[in-house]
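A quick write-up on the structure given underneath.
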Amino acid sequence: MSNTVTTKIRMYRLHELGDCFLLSFTSASHKSHVLLDCGSFRNSNKAVKKIKSIAKNIEGIVDDLDVVIATHQHNDHMSGFMHAKSDYERIGIQQVYLSWLDDPSDKLALAIAKKHDKVKKQLADMRGIVKSKRGPVIQQIRAALDTVVDGLTFSDDNSMTGQATQFLKSAGSKPIKYLSPGEILQVPNLPKDTVRIHVLGPPRDYPTIRSKDPRKGESFDPHLNSILFSIDEFTAALDVNNPDKHFPFNAKYKQSATNKYFKKISPETTKIARHYATEKWRTIDNDWLYMAERFALHINSYTNNTSLVLAFELVKSGRVLLFVGDAQAGNWRSWETVKWEDEKNALELDTMLRNTVFYKVGHHGSHNATLKGAFEKMTNDELVAFIPVNKEDANIAKDYRPWKMPAKNLYKELKKSTKGRIARMDEGKIRYSSNNWKAGSLKVAPLYIEYTIKD
Ligand SMILES: [Zn+2]
């Protein structure tokens, strides 16, 4: 017979984009606290202050943290472990779970890290080159590169996420666990089979990985390979010492709009050329640098796709809490192919989705981080959705190409499936349908929004 359990899920309200969830399980006299991610997108003073008060709040609830999990290496999921490092050291962590991609003894993870580092290094170099250019287009590209490059993690570097990963690797008093899809774990310090964790992602069984072809064989996904290829071409084109190498014409055929060449042809041509020269928007001089911005966004989605995806099964009731990190389509699609190591306790994916009563919305509500087919299977009457999004985040609030979080259509679907039971980090009052929340299940405080599930 399984034990009843009360689950409290506290979504901390960060200053900008970011995830920080504290799961507290109580079964009879047993308690277990799991912290899932802690990070804030930018490292502004305000953000850091918020992170510190969150750590203080956690300290007030727990004796120590039974498990700390970091889903993937992005600032908005990990920077808090550095900003509040001394607090976490004081609180104490029993065990850390990271994904197999962080495992230094995993050959595939190492091969991927090597390739990944190369892409990131090239992006960092690219930023160096772009910095020396001028113009309004450049501003935007620089901003995009800054966002990505500053948040990049190399396997052994000194970035915020790199440091946080290193800290977590040695933070637990018990040996660290690197999780792979197909594993089923017990939430520690609760009676056996009270809460089980099913690991769904990140995937490691891409067919390309098994391929003997060295080019493909090194690749986690072919997508990354193609980015790498394009980046090679792009950085070659940026070669300042040999700028003509990759242009379709020889240098002598290139003409500046103001030079003498046009005069030779006719006064009319000179006029046209001058006209173009004064209207900067007609020139394409720096537009090609937009590619840099696209690479930056690509590599960002790639890292999102390495998110740990965990389904917490409250065994007695069968309810499931689904935490997908920032997993994007590829990660979601792979769940169908997961082979469970403990077949007896394995949940069918469809059952898991049907029994999901708590969905931590992927990637702050962006359009490609909740796969339609899977979400449509989350048909449980009790379903609620929590979105760690803050509309005041500079990337969401900006006028030019703002990040669409949460995405409009996804938000509509979430509203429908949850009967309006959506909690957002940036909403002190829960809009739409406060009556649809089960009485006493929701607590909204300045620092967090907490949801309680009782057996
Ligand atoms: Zn994120």
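Each chain of the structure tokens is named A, B, ... in the order shown, its residues numbered from 1; ligands are numbered from 1 in display order.
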Ligand 1 neighbours within 7 Å using only C-alpha atoms and all ligand atoms, as JSON, numbers by chain: {"A": [17, 18, 19, 74, 76, 77, 326, 363, 364]}
Can you spit out the residues from that selection as a PDB file, in the first residue's frame, using all heavy atoms?
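Dumped to part.pdb:
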```pdb
ATOM      1  N   LEU A  17      12.869  37.004 -16.206  1.00  0.00           N
ATOM      2  CA  LEU A  17      12.670  35.608 -16.587  1.00  0.00           C
ATOM      3  C   LEU A  17      13.530  34.723 -15.695  1.00  0.00           C
ATOM      4  O   LEU A  17      14.647  35.084 -15.359  1.00  0.00           O
ATOM      5  CB  LEU A  17      13.106  35.379 -18.038  1.00  0.00           C
ATOM      6  CG  LEU A  17      12.169  35.836 -19.144  1.00  0.00           C
ATOM      7  CD1 LEU A  17      12.740  35.434 -20.488  1.00  0.00           C
ATOM      8  CD2 LEU A  17      10.781  35.244 -18.966  1.00  0.00           C
ATOM      9  N   GLY A  18      13.036  33.542 -15.380  1.00  0.00           N
ATOM     10  CA  GLY A  18      13.840  32.615 -14.590  1.00  0.00           C
ATOM     11  C   GLY A  18      12.968  31.608 -13.895  1.00  0.00           C
ATOM     12  O   GLY A  18      11.764  31.819 -13.715  1.00  0.00           O
ATOM     13  N   ASP A  19      13.562  30.480 -13.545  1.00  0.00           N
ATOM     14  CA  ASP A  19      12.843  29.417 -12.835  1.00  0.00           C
ATOM     15  C   ASP A  19      13.434  29.231 -11.449  1.00  0.00           C
ATOM     16  O   ASP A  19      14.656  29.229 -11.291  1.00  0.00           O
ATOM     17  CB  ASP A  19      13.006  28.076 -13.578  1.00  0.00           C
ATOM     18  CG  ASP A  19      12.014  27.908 -14.721  1.00  0.00           C
ATOM     19  OD1 ASP A  19      11.592  28.927 -15.284  1.00  0.00           O
ATOM     20  OD2 ASP A  19      11.672  26.745 -15.043  1.00  0.00           O
ATOM     21  N   HIS A  74      21.595  27.460 -18.322  1.00  0.00           N
ATOM     22  CA  HIS A  74      21.307  28.843 -18.677  1.00  0.00           C
ATOM     23  C   HIS A  74      21.216  29.651 -17.391  1.00  0.00           C
ATOM     24  O   HIS A  74      20.741  29.157 -16.373  1.00  0.00           O
ATOM     25  CB  HIS A  74      19.982  28.948 -19.450  1.00  0.00           C
ATOM     26  CG  HIS A  74      20.142  28.869 -20.939  1.00  0.00           C
ATOM     27  ND1 HIS A  74      19.104  28.560 -21.778  1.00  0.00           N
ATOM     28  CD2 HIS A  74      21.227  29.072 -21.735  1.00  0.00           C
ATOM     29  CE1 HIS A  74      19.551  28.569 -23.035  1.00  0.00           C
ATOM     30  NE2 HIS A  74      20.824  28.868 -23.029  1.00  0.00           N
ATOM     31  N   ASP A  76      19.191  31.867 -16.406  1.00  0.00           N
ATOM     32  CA  ASP A  76      17.883  32.044 -15.784  1.00  0.00           C
ATOM     33  C   ASP A  76      17.418  30.788 -15.047  1.00  0.00           C
ATOM     34  O   ASP A  76      16.326  30.760 -14.490  1.00  0.00           O
ATOM     35  CB  ASP A  76      16.836  32.512 -16.806  1.00  0.00           C
ATOM     36  CG  ASP A  76      16.627  31.527 -17.937  1.00  0.00           C
ATOM     37  OD1 ASP A  76      17.612  30.900 -18.370  1.00  0.00           O
ATOM     38  OD2 ASP A  76      15.478  31.372 -18.384  1.00  0.00           O
ATOM     39  N   HIS A  77      18.263  29.748 -15.041  1.00  0.00           N
ATOM     40  CA  HIS A  77      17.937  28.545 -14.280  1.00  0.00           C
ATOM     41  C   HIS A  77      19.020  28.235 -13.247  1.00  0.00           C
ATOM     42  O   HIS A  77      18.830  27.393 -12.386  1.00  0.00           O
ATOM     43  CB  HIS A  77      17.734  27.350 -15.222  1.00  0.00           C
ATOM     44  CG  HIS A  77      16.547  27.561 -16.118  1.00  0.00           C
ATOM     45  ND1 HIS A  77      15.367  26.887 -15.949  1.00  0.00           N
ATOM     46  CD2 HIS A  77      16.354  28.422 -17.142  1.00  0.00           C
ATOM     47  CE1 HIS A  77      14.490  27.323 -16.856  1.00  0.00           C
ATOM     48  NE2 HIS A  77      15.072  28.258 -17.587  1.00  0.00           N
ATOM     49  N   ASP A 326      13.194  24.066 -20.020  1.00  0.00           N
ATOM     50  CA  ASP A 326      12.930  24.868 -21.220  1.00  0.00           C
ATOM     51  C   ASP A 326      12.920  23.976 -22.461  1.00  0.00           C
ATOM     52  O   ASP A 326      13.194  24.435 -23.576  1.00  0.00           O
ATOM     53  CB  ASP A 326      13.994  25.969 -21.382  1.00  0.00           C
ATOM     54  CG  ASP A 326      13.764  27.131 -20.419  1.00  0.00           C
ATOM     55  OD1 ASP A 326      12.714  27.146 -19.748  1.00  0.00           O
ATOM     56  OD2 ASP A 326      14.632  28.014 -20.339  1.00  0.00           O
ATOM     57  N   HIS A 363       9.881  26.770 -21.098  1.00  0.00           N
ATOM     58  CA  HIS A 363      10.526  27.964 -21.617  1.00  0.00           C
ATOM     59  C   HIS A 363       9.686  29.239 -21.464  1.00  0.00           C
ATOM     60  O   HIS A 363       9.474  29.973 -22.419  1.00  0.00           O
ATOM     61  CB  HIS A 363      10.923  27.761 -23.093  1.00  0.00           C
ATOM     62  CG  HIS A 363      11.927  28.770 -23.556  1.00  0.00           C
ATOM     63  ND1 HIS A 363      11.885  29.318 -24.815  1.00  0.00           N
ATOM     64  CD2 HIS A 363      12.975  29.348 -22.937  1.00  0.00           C
ATOM     65  CE1 HIS A 363      12.867  30.185 -24.951  1.00  0.00           C
ATOM     66  NE2 HIS A 363      13.552  30.219 -23.821  1.00  0.00           N
ATOM     67  N   HIS A 364       9.198  29.450 -20.253  1.00  0.00           N
ATOM     68  CA  HIS A 364       8.513  30.700 -19.904  1.00  0.00           C
ATOM     69  C   HIS A 364       7.334  31.012 -20.815  1.00  0.00           C
ATOM     70  O   HIS A 364       6.969  32.164 -21.007  1.00  0.00           O
ATOM     71  CB  HIS A 364       9.533  31.861 -19.878  1.00  0.00           C
ATOM     72  CG  HIS A 364      10.859  31.443 -19.318  1.00  0.00           C
ATOM     73  ND1 HIS A 364      11.045  31.277 -17.973  1.00  0.00           N
ATOM     74  CD2 HIS A 364      12.031  31.057 -19.917  1.00  0.00           C
ATOM     75  CE1 HIS A 364      12.290  30.840 -17.762  1.00  0.00           C
ATOM     76  NE2 HIS A 364      12.891  30.692 -18.913  1.00  0.00           N
TER      77      HIS A 364
END
```
query: So which residues of segment 4-231 of chain A fall under helix (DSSP H, G or I) by DSSP, listed as a ChimeraX atom specification?
result: /A:45-61,75-78,80-83,85-91,100-102,107-131,136-151,160-169,207-210,214-217,222-231
task: Go through A:Glu59, A:Ile176, A:Thr194, A:Ile9 one by one, measure the shortest atom-to-atom distance of each to Tyr359 of chain A using only C-alpha atoms, and give the residue with the smallest value.
output: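 Closest residue, counting only C-alpha atoms: A:Ile9.
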6 Å contact set for segment 301-316 of chain A, only C-alpha atoms, chain neighbours under 4 positions out, as a list in words: Ser2, Thr71, His72, Ser99, Thr194, Val195, Arg196, Ile197, His198, Val199, Leu200, Gly201, Pro202, Val320, Leu321, Leu322, Phe323, Val324, Gly325, Asp326, Ala327, Gln328 and Asn331 of chain A
- request: Would you mind listing what lies within 6 Å of Phe358 of chain A as JSON, numbers by chain, with only C-alpha atoms counted and same-chain residues fewer than 6 positions away left out?
  value: {"A": [321, 383, 384, 385]}
Deliver the residues from the most recent selection as a file, using N, CA, C and O atoms, as a PDB file, in the first residue's frame.
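The result, stored in out.pdb:
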```
ATOM      1  N   LEU A 321       3.218  15.557 -11.581  1.00  0.00           N
ATOM      2  CA  LEU A 321       3.660  16.949 -11.722  1.00  0.00           C
ATOM      3  C   LEU A 321       4.718  16.946 -12.810  1.00  0.00           C
ATOM      4  O   LEU A 321       5.707  16.223 -12.704  1.00  0.00           O
ATOM      5  N   LEU A 383      -5.983  19.847 -13.835  1.00  0.00           N
ATOM      6  CA  LEU A 383      -4.770  20.478 -14.383  1.00  0.00           C
ATOM      7  C   LEU A 383      -4.647  21.973 -14.046  1.00  0.00           C
ATOM      8  O   LEU A 383      -5.584  22.742 -14.226  1.00  0.00           O
ATOM      9  N   VAL A 384      -3.461  22.340 -13.546  1.00  0.00           N
ATOM     10  CA  VAL A 384      -3.128  23.755 -13.375  1.00  0.00           C
ATOM     11  C   VAL A 384      -1.797  24.007 -14.088  1.00  0.00           C
ATOM     12  O   VAL A 384      -1.020  23.077 -14.287  1.00  0.00           O
ATOM     13  N   ALA A 385      -1.570  25.254 -14.516  1.00  0.00           N
ATOM     14  CA  ALA A 385      -0.315  25.577 -15.207  1.00  0.00           C
ATOM     15  C   ALA A 385       0.373  26.742 -14.521  1.00  0.00           C
ATOM     16  O   ALA A 385      -0.265  27.740 -14.184  1.00  0.00           O
TER      17      ALA A 385
END
```
- request: Choose the residue, out of A:Trp340, A:Phe386, A:Phe41, A:Trp335, that has the smallest atom-to-atom separation from Gly365 of chain A; count only C-alpha atoms.
  value: A:Phe386
- request: With a distance cut-off of 12 Å and only C-alpha atoms, select the neighbouring residues of Gly172 of chain A, excluding the residue or stretch itself and same-chain residues fewer than 2 positions from it, and output the selection as number ranges by chain.
  value: A: 64-69, 88-89, 91-98, 166-170, 174-177
